[in-house]
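The file work22.cif comes next; it holds mmCIF, C-alpha atoms.
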data_work
#
loop_
_atom_site.label_atom_id
_atom_site.label_comp_id
_atom_site.auth_asym_id
_atom_site.auth_seq_id
_atom_site.Cartn_x
_atom_site.Cartn_y
_atom_site.Cartn_z
CA LEU U 1 3.73 -22.78 -2.72
CA TYR U 2 3.70 -19.62 -4.83
CA THR U 3 5.13 -21.40 -7.87
CA ALA U 4 2.79 -24.37 -7.48
CA LEU U 5 -0.21 -22.11 -6.95
CA LYS U 6 0.48 -20.12 -10.12
CA ALA U 7 0.93 -23.29 -12.14
CA GLU U 8 -2.24 -24.95 -10.84
CA CYS U 9 -4.55 -21.94 -10.78
CA ALA U 10 -3.25 -20.31 -14.00
CA PHE U 11 -5.43 -17.25 -13.43
CA PRO U 12 -6.58 -16.21 -16.92
CA GLU U 13 -6.19 -12.58 -18.02
CA PRO U 14 -8.74 -11.21 -18.57
CA THR U 15 -10.77 -13.45 -16.30
CA PRO U 16 -13.87 -14.74 -18.15
CA ALA U 17 -17.26 -14.53 -16.49
CA GLY U 18 -18.10 -17.69 -14.59
CA TRP U 19 -14.49 -18.81 -14.22
CA THR U 20 -13.85 -20.86 -11.07
CA PRO U 21 -10.58 -22.31 -9.76
CA SER U 22 -10.01 -26.03 -9.42
CA ASP U 23 -10.39 -27.79 -6.07
CA LEU U 24 -6.60 -28.09 -5.78
CA CYS U 25 -6.24 -24.38 -6.53
CA LYS U 26 -8.81 -23.57 -3.81
CA ALA U 27 -6.89 -25.74 -1.35
CA MET U 28 -3.65 -23.93 -2.17
CA LEU U 29 -5.34 -20.55 -1.77
CA THR U 30 -6.60 -21.64 1.64
CA GLN U 31 -3.09 -22.76 2.61
CA SER U 32 -1.70 -19.44 1.41
CA ALA U 33 -4.27 -17.58 3.50
CA HIS U 34 -3.25 -19.50 6.62
CA MET U 35 0.40 -18.70 5.92
CA SER U 36 -0.36 -14.97 5.59
CA GLN U 37 -1.99 -14.50 9.03
CA GLY U 38 -5.41 -15.69 7.94
CA GLY U 39 -5.98 -13.90 4.65
CA VAL U 40 -5.52 -10.64 2.79
CA THR U 41 -4.51 -7.78 5.06
CA SER U 42 -3.94 -4.10 4.42
CA ASN U 43 -0.73 -4.22 6.47
CA VAL U 44 1.33 -7.32 7.19
CA TYR U 45 2.66 -5.64 10.35
CA ASP U 46 -0.75 -5.67 11.99
CA PHE U 47 -0.24 -5.71 15.73
CA CYS U 48 -3.31 -3.72 16.76
CA ALA U 49 -5.69 -5.61 19.01
CA ILE U 50 -8.79 -6.86 17.16
CA ASN U 51 -10.92 -10.01 17.41
CA HIS U 52 -10.72 -11.18 21.03
CA GLY U 53 -7.88 -8.78 21.80
CA GLU U 54 -5.45 -10.20 19.24
CA SER U 55 -4.23 -9.03 15.86
CA GLY U 56 -3.86 -11.35 12.88
CA GLN U 57 -0.19 -11.96 13.63
CA GLN U 58 -0.88 -12.40 17.32
CA ARG U 59 -3.37 -15.13 16.53
CA LEU U 60 -0.85 -16.73 14.17
CA LEU U 61 1.96 -16.62 16.72
CA ARG U 62 -0.17 -17.12 19.82
CA GLY U 63 1.87 -18.44 22.72
CA LYS U 64 5.19 -18.18 20.95
CA LEU U 65 6.11 -14.52 21.37
CA PRO U 66 5.46 -12.14 24.28
CA PHE U 67 3.27 -9.30 23.00
CA PRO U 68 2.61 -6.22 25.18
CA ALA U 69 -0.88 -5.75 26.52
CA THR U 70 -3.28 -3.60 24.56
CA SER U 71 -3.31 -0.94 27.28
CA ASP U 72 0.50 -0.81 27.25
CA ARG U 73 0.58 -0.31 23.48
CA GLN U 74 -2.07 2.39 23.59
CA ALA U 75 -0.29 4.16 26.43
CA GLY U 76 2.87 4.20 24.33
CA GLU U 77 0.97 5.55 21.34
CA LEU U 78 -0.36 8.49 23.35
CA GLN U 79 3.20 9.56 24.12
CA THR U 80 4.17 9.89 20.46
CA PRO U 81 3.21 12.74 18.09
CA LEU U 82 0.53 12.17 15.47
CA GLY U 83 2.04 10.84 12.25
CA SER U 84 5.17 9.46 13.88
CA GLN U 85 4.05 5.83 13.65
CA GLN U 86 2.44 3.70 11.01
CA LEU U 87 -1.09 3.44 12.44
CA TRP U 88 -2.84 4.20 15.68
CA CYS U 89 -4.73 1.18 16.96
CA GLY U 90 -8.44 1.87 16.51
CA GLY U 91 -7.73 4.57 13.96
CA ALA U 92 -9.44 2.73 11.11
CA ASP U 93 -12.69 2.39 13.06
CA ALA U 94 -12.53 6.03 14.15
CA TYR U 95 -11.92 7.12 10.56
CA ARG U 96 -15.07 5.36 9.35
CA VAL U 97 -17.14 7.31 11.87
CA PHE U 98 -15.32 10.54 11.03
CA ALA U 99 -15.71 10.10 7.26
CA ALA U 100 -19.44 9.38 7.64
CA LEU U 101 -20.14 12.82 9.11
CA PRO U 102 -22.36 14.79 6.67
CA SER U 103 -20.44 18.01 7.40
CA LEU U 104 -17.15 16.32 6.49
CA GLN U 105 -18.56 14.83 3.27
CA GLN U 106 -19.77 18.29 2.33
CA ALA U 107 -16.33 19.78 3.02
CA TRP U 108 -14.76 17.04 0.89
CA HIS U 109 -17.26 17.73 -1.92
CA VAL U 110 -18.28 14.08 -2.11
CA LYS U 111 -21.78 12.80 -2.73
CA PRO U 112 -23.24 10.87 0.23
CA ASN U 113 -24.18 7.29 -0.57
CA GLY U 114 -26.16 4.57 1.12
CA ASP U 115 -25.33 0.90 0.98
CA GLU U 116 -25.82 0.94 -2.79
CA GLY U 117 -22.76 3.16 -3.09
CA LYS U 118 -20.34 0.62 -1.66
CA MET U 119 -17.63 -0.73 -3.94
CA VAL U 120 -17.97 -4.34 -5.04
CA TYR U 121 -14.86 -6.13 -6.33
CA THR U 122 -15.09 -8.96 -8.85
CA ARG U 123 -12.54 -10.82 -10.96
CA ALA U 124 -14.56 -10.57 -14.15
CA PRO U 125 -14.11 -8.79 -16.40
CA ALA U 126 -10.56 -7.91 -15.34
CA GLY U 127 -8.92 -5.64 -17.88
CA ASP U 128 -5.15 -5.35 -18.21
CA LEU U 129 -4.17 -1.72 -17.54
CA ARG U 130 -0.48 -2.15 -18.29
CA PRO U 131 -0.76 -0.90 -21.90
CA LEU U 132 -2.52 2.22 -20.62
CA TYR U 133 0.24 2.91 -18.09
CA ALA U 134 2.83 2.45 -20.82
CA GLN U 135 1.07 5.13 -22.90
CA LEU U 136 0.72 7.49 -19.96
CA ALA U 137 4.42 7.16 -19.09
CA VAL U 138 5.40 8.47 -22.51
CA SER U 139 3.32 11.65 -22.28
CA TYR U 140 3.06 12.48 -18.59
CA ARG U 141 5.04 12.44 -15.38
CA LEU U 142 4.11 9.19 -13.70
CA LEU U 143 4.79 7.89 -10.20
CA ILE U 144 3.64 4.42 -9.17
CA TYR U 145 4.06 3.69 -5.47
CA SER U 146 3.42 0.84 -3.04
CA GLY U 147 3.66 0.36 0.69
CA ASP U 148 6.17 -2.42 1.32
CA ALA U 149 3.89 -3.87 4.03
CA ASP U 150 0.83 -4.04 1.78
CA GLY U 151 -0.68 -7.51 1.97
CA CYS U 152 -3.48 -6.71 -0.50
CA VAL U 153 -1.34 -5.61 -3.48
CA PRO U 154 2.25 -6.63 -2.63
CA HIS U 155 4.94 -4.24 -3.81
CA THR U 156 6.84 -7.11 -5.43
CA GLY U 157 4.07 -7.49 -8.00
CA THR U 158 4.00 -3.76 -8.68
CA GLU U 159 7.76 -3.76 -9.12
CA GLU U 160 7.46 -6.64 -11.58
CA TRP U 161 4.84 -5.06 -13.84
CA THR U 162 6.43 -1.58 -13.84
CA HIS U 163 9.71 -3.11 -15.00
CA GLY U 164 7.75 -5.21 -17.48
CA LEU U 165 6.50 -2.13 -19.34
CA GLY U 166 9.77 -2.18 -21.28
CA PHE U 167 11.36 1.15 -20.37
CA ASP U 168 15.10 1.32 -19.73
CA VAL U 169 16.20 1.91 -16.15
CA SER U 170 17.76 5.38 -16.00
CA GLN U 171 18.46 5.41 -12.25
CA PRO U 172 18.66 2.08 -10.44
CA TRP U 173 17.03 1.02 -7.17
CA ARG U 174 18.10 3.41 -4.40
CA PRO U 175 16.78 4.75 -1.07
CA TRP U 176 14.89 8.02 -0.78
CA THR U 177 14.99 9.92 2.48
CA GLY U 178 13.28 12.63 4.46
CA ASP U 179 15.08 15.80 3.41
CA ASP U 180 14.42 19.23 4.88
CA ALA U 181 15.99 20.74 1.76
CA HIS U 182 12.83 19.88 -0.15
CA GLY U 183 10.79 21.95 2.31
CA GLU U 184 8.07 19.37 2.88
CA VAL U 185 9.13 17.86 6.19
CA SER U 186 10.76 20.80 7.95
CA GLN U 187 7.85 21.01 10.38
CA VAL U 188 8.38 17.41 11.47
CA SER U 189 11.12 16.41 13.88
CA ILE U 190 12.83 13.71 11.81
CA GLY U 191 16.37 13.46 10.62
CA SER U 192 17.26 14.25 7.03
CA SER U 193 18.88 10.81 6.75
CA ARG U 194 15.73 8.86 7.61
CA ILE U 195 14.99 6.37 4.86
CA MET U 196 11.39 6.70 3.70
CA GLY U 197 11.53 3.98 1.05
CA TYR U 198 13.18 3.01 -2.21
CA VAL U 199 12.76 4.23 -5.79
CA VAL U 200 13.76 3.24 -9.31
CA SER U 201 13.50 5.57 -12.32
CA PHE U 202 12.91 4.73 -15.95
CA GLY U 203 14.12 6.52 -19.07
CA GLY U 204 14.07 5.75 -22.76
CA HIS U 205 10.72 6.80 -24.21
CA ALA U 206 9.29 7.47 -20.76
CA ARG U 207 8.94 11.16 -19.93
CA ASN U 208 9.46 10.96 -16.17
CA PHE U 209 8.46 7.59 -14.76
CA SER U 210 9.34 6.13 -11.36
CA PHE U 211 8.28 3.33 -9.06
CA ALA U 212 8.67 3.94 -5.32
CA THR U 213 8.09 2.03 -2.11
CA ILE U 214 7.28 3.42 1.33
CA LEU U 215 8.74 1.60 4.31
CA GLY U 216 6.22 0.19 6.76
CA ALA U 217 3.18 1.42 4.82
CA GLY U 218 0.19 -0.78 4.15
CA HIS U 219 -2.41 -0.65 1.41
CA GLU U 220 -3.43 2.96 1.98
CA VAL U 221 -0.02 4.61 2.28
CA PRO U 222 -1.08 7.92 3.93
CA THR U 223 -3.02 5.97 6.58
CA PHE U 224 0.07 4.08 7.72
CA GLN U 225 2.92 6.50 6.93
CA PRO U 226 1.49 10.04 6.67
CA ILE U 227 4.84 11.84 6.90
CA ALA U 228 6.44 9.81 4.11
CA ALA U 229 3.27 10.09 2.00
CA PHE U 230 3.22 13.86 2.39
CA ALA U 231 6.89 14.13 1.46
CA MET U 232 6.46 11.91 -1.60
CA ILE U 233 3.35 13.66 -2.93
CA THR U 234 4.84 17.11 -2.27
CA ARG U 235 7.96 16.33 -4.27
CA PHE U 236 5.93 14.86 -7.11
CA ARG U 237 3.64 17.92 -7.16
CA LYS U 238 6.67 20.20 -7.29
CA ASP U 239 8.33 18.05 -9.97
CA LYS U 240 11.25 17.23 -7.67
CA PRO U 241 12.95 13.81 -7.64
CA LEU U 242 12.48 11.52 -4.66
CA ALA U 243 16.20 10.75 -4.65
#

Starting from the file, give its structure as structure tokens.
Amino acid sequence: LYTALKAECAFPEPTPAGWTPSDLCKAMLTQSAHMSQGGVTSNVYDFCAINHGESGQQRLLRGKLPFPATSDRQAGELQTPLGSQQLWCGGADAYRVFAALPSLQQAWHVKPNGDEGKMVYTRAPAGDLRPLYAQLAVSYRLLIYSGDADGCVPHTGTEEWTHGLGFDVSQPWRPWTGDDAHGEVSQVSIGSSRIMGYVVSFGGHARNFSFATILGAGHEVPTFQPIAAFAMITRFRKDKPLA
């Protein structure tokens, strides 16, 4: 379906204003949405109870797999320390309320906005930022990362375009782990051999350029895997390699 969809839709880059897909392309997009638990999702491992007590995957697999009751899942969550799992069910809704507090927005130094401040995504005009990233990689340290459970911007696409920038691979695909030696996860009870994700490094004209994945993380990596996100950002800030 992926190959046929790309051939039929042939999404132009940049996308011109007023461009619309063909009827066959729309049908394939609908089929793709049904195959991916009903549409774009921030995490393909979505098992939190929503919409009539079922997650996207539960609706997709209804009646075929025994899922634990919502109360059982929540009870299990309460027995685990904060940050030890990918996402607390209900956490996204709670975060929206938390982030809307005027006192919090003031502490974050962000300007409060009404409905007019909401982001609106469109396909036109869609600029190609790959040449910009290629320039940045030559002059600056650059880390591109993706959650490997991101259903909005799949990590496979990010891996493809980072390799497509033309830089030689200096260190091939390899796992990166939680390591107390780096000093960023010593306060968390996890083993030093825990795999956090995978990383590939590029050389040649690139100054210090890497692409990394985070296991089990969705679209907003710190939301789903806060420990791994903290470790990754800390090492990047301290100019230490992930692996």

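Nearest-residue note for Phe11 of chain U: choosing from U:Lys26, U:Arg207, U:His109, U:Arg174, the minimum distance belongs to U:Lys26, counting all atoms listed in the file.
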
Selection result for the PyMOL selection byres ((chain U and resi 157-159) around 12) on this file, as an NGL selection string: :U and (130 or 143-148 or 150-156 or 160-165 or 173 or 198-201 or 210-213)

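Across the model, the gap from atom CA of Ala229 of chain U to atom CA of Val97 of chain U is 22.8 Å.
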
For Gly203 of chain U, which residue among U:Ala217, U:Cys9, U:Ala137, U:Ala228 is the nearest when counting all atoms listed in the file? U:Ala137

Could you state the separation of atom CA of Asn208 of chain U and atom CA of Met232 of chain U in Å, given to one decimal place? 14.9 Å

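Remark: residues at most 9 Å from position (-4.4, -23.1, -6.8) in file coordinates are Ala4, Leu5, Lys6, Ala7, Glu8, Cys9, Ala10, Phe11, Pro21, Ser22, Asp23, Leu24, Cys25, Lys26, Ala27, Met28, Leu29 and Thr30 of chain U, using only C-alpha atoms.
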
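When atom CA of Trp108 of chain U is paired with atom CA of Lys238 of chain U, their separation reads 23.2 Å.
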
Do a neighbour search on Leu129 of chain U at 12 Å with all atoms listed in the file, toss out local chain neighbours closer than 3 positions, and write the hits as a PyMOL selection string. chain U and resi 13-14+126+132-136+161-162+165

Of the candidates U:Met35, U:Ala149, U:Leu242, U:Ala99, which shows the shortest atom-to-atom distance to Gly218 of chain U, using only C-alpha atoms? U:Ala149
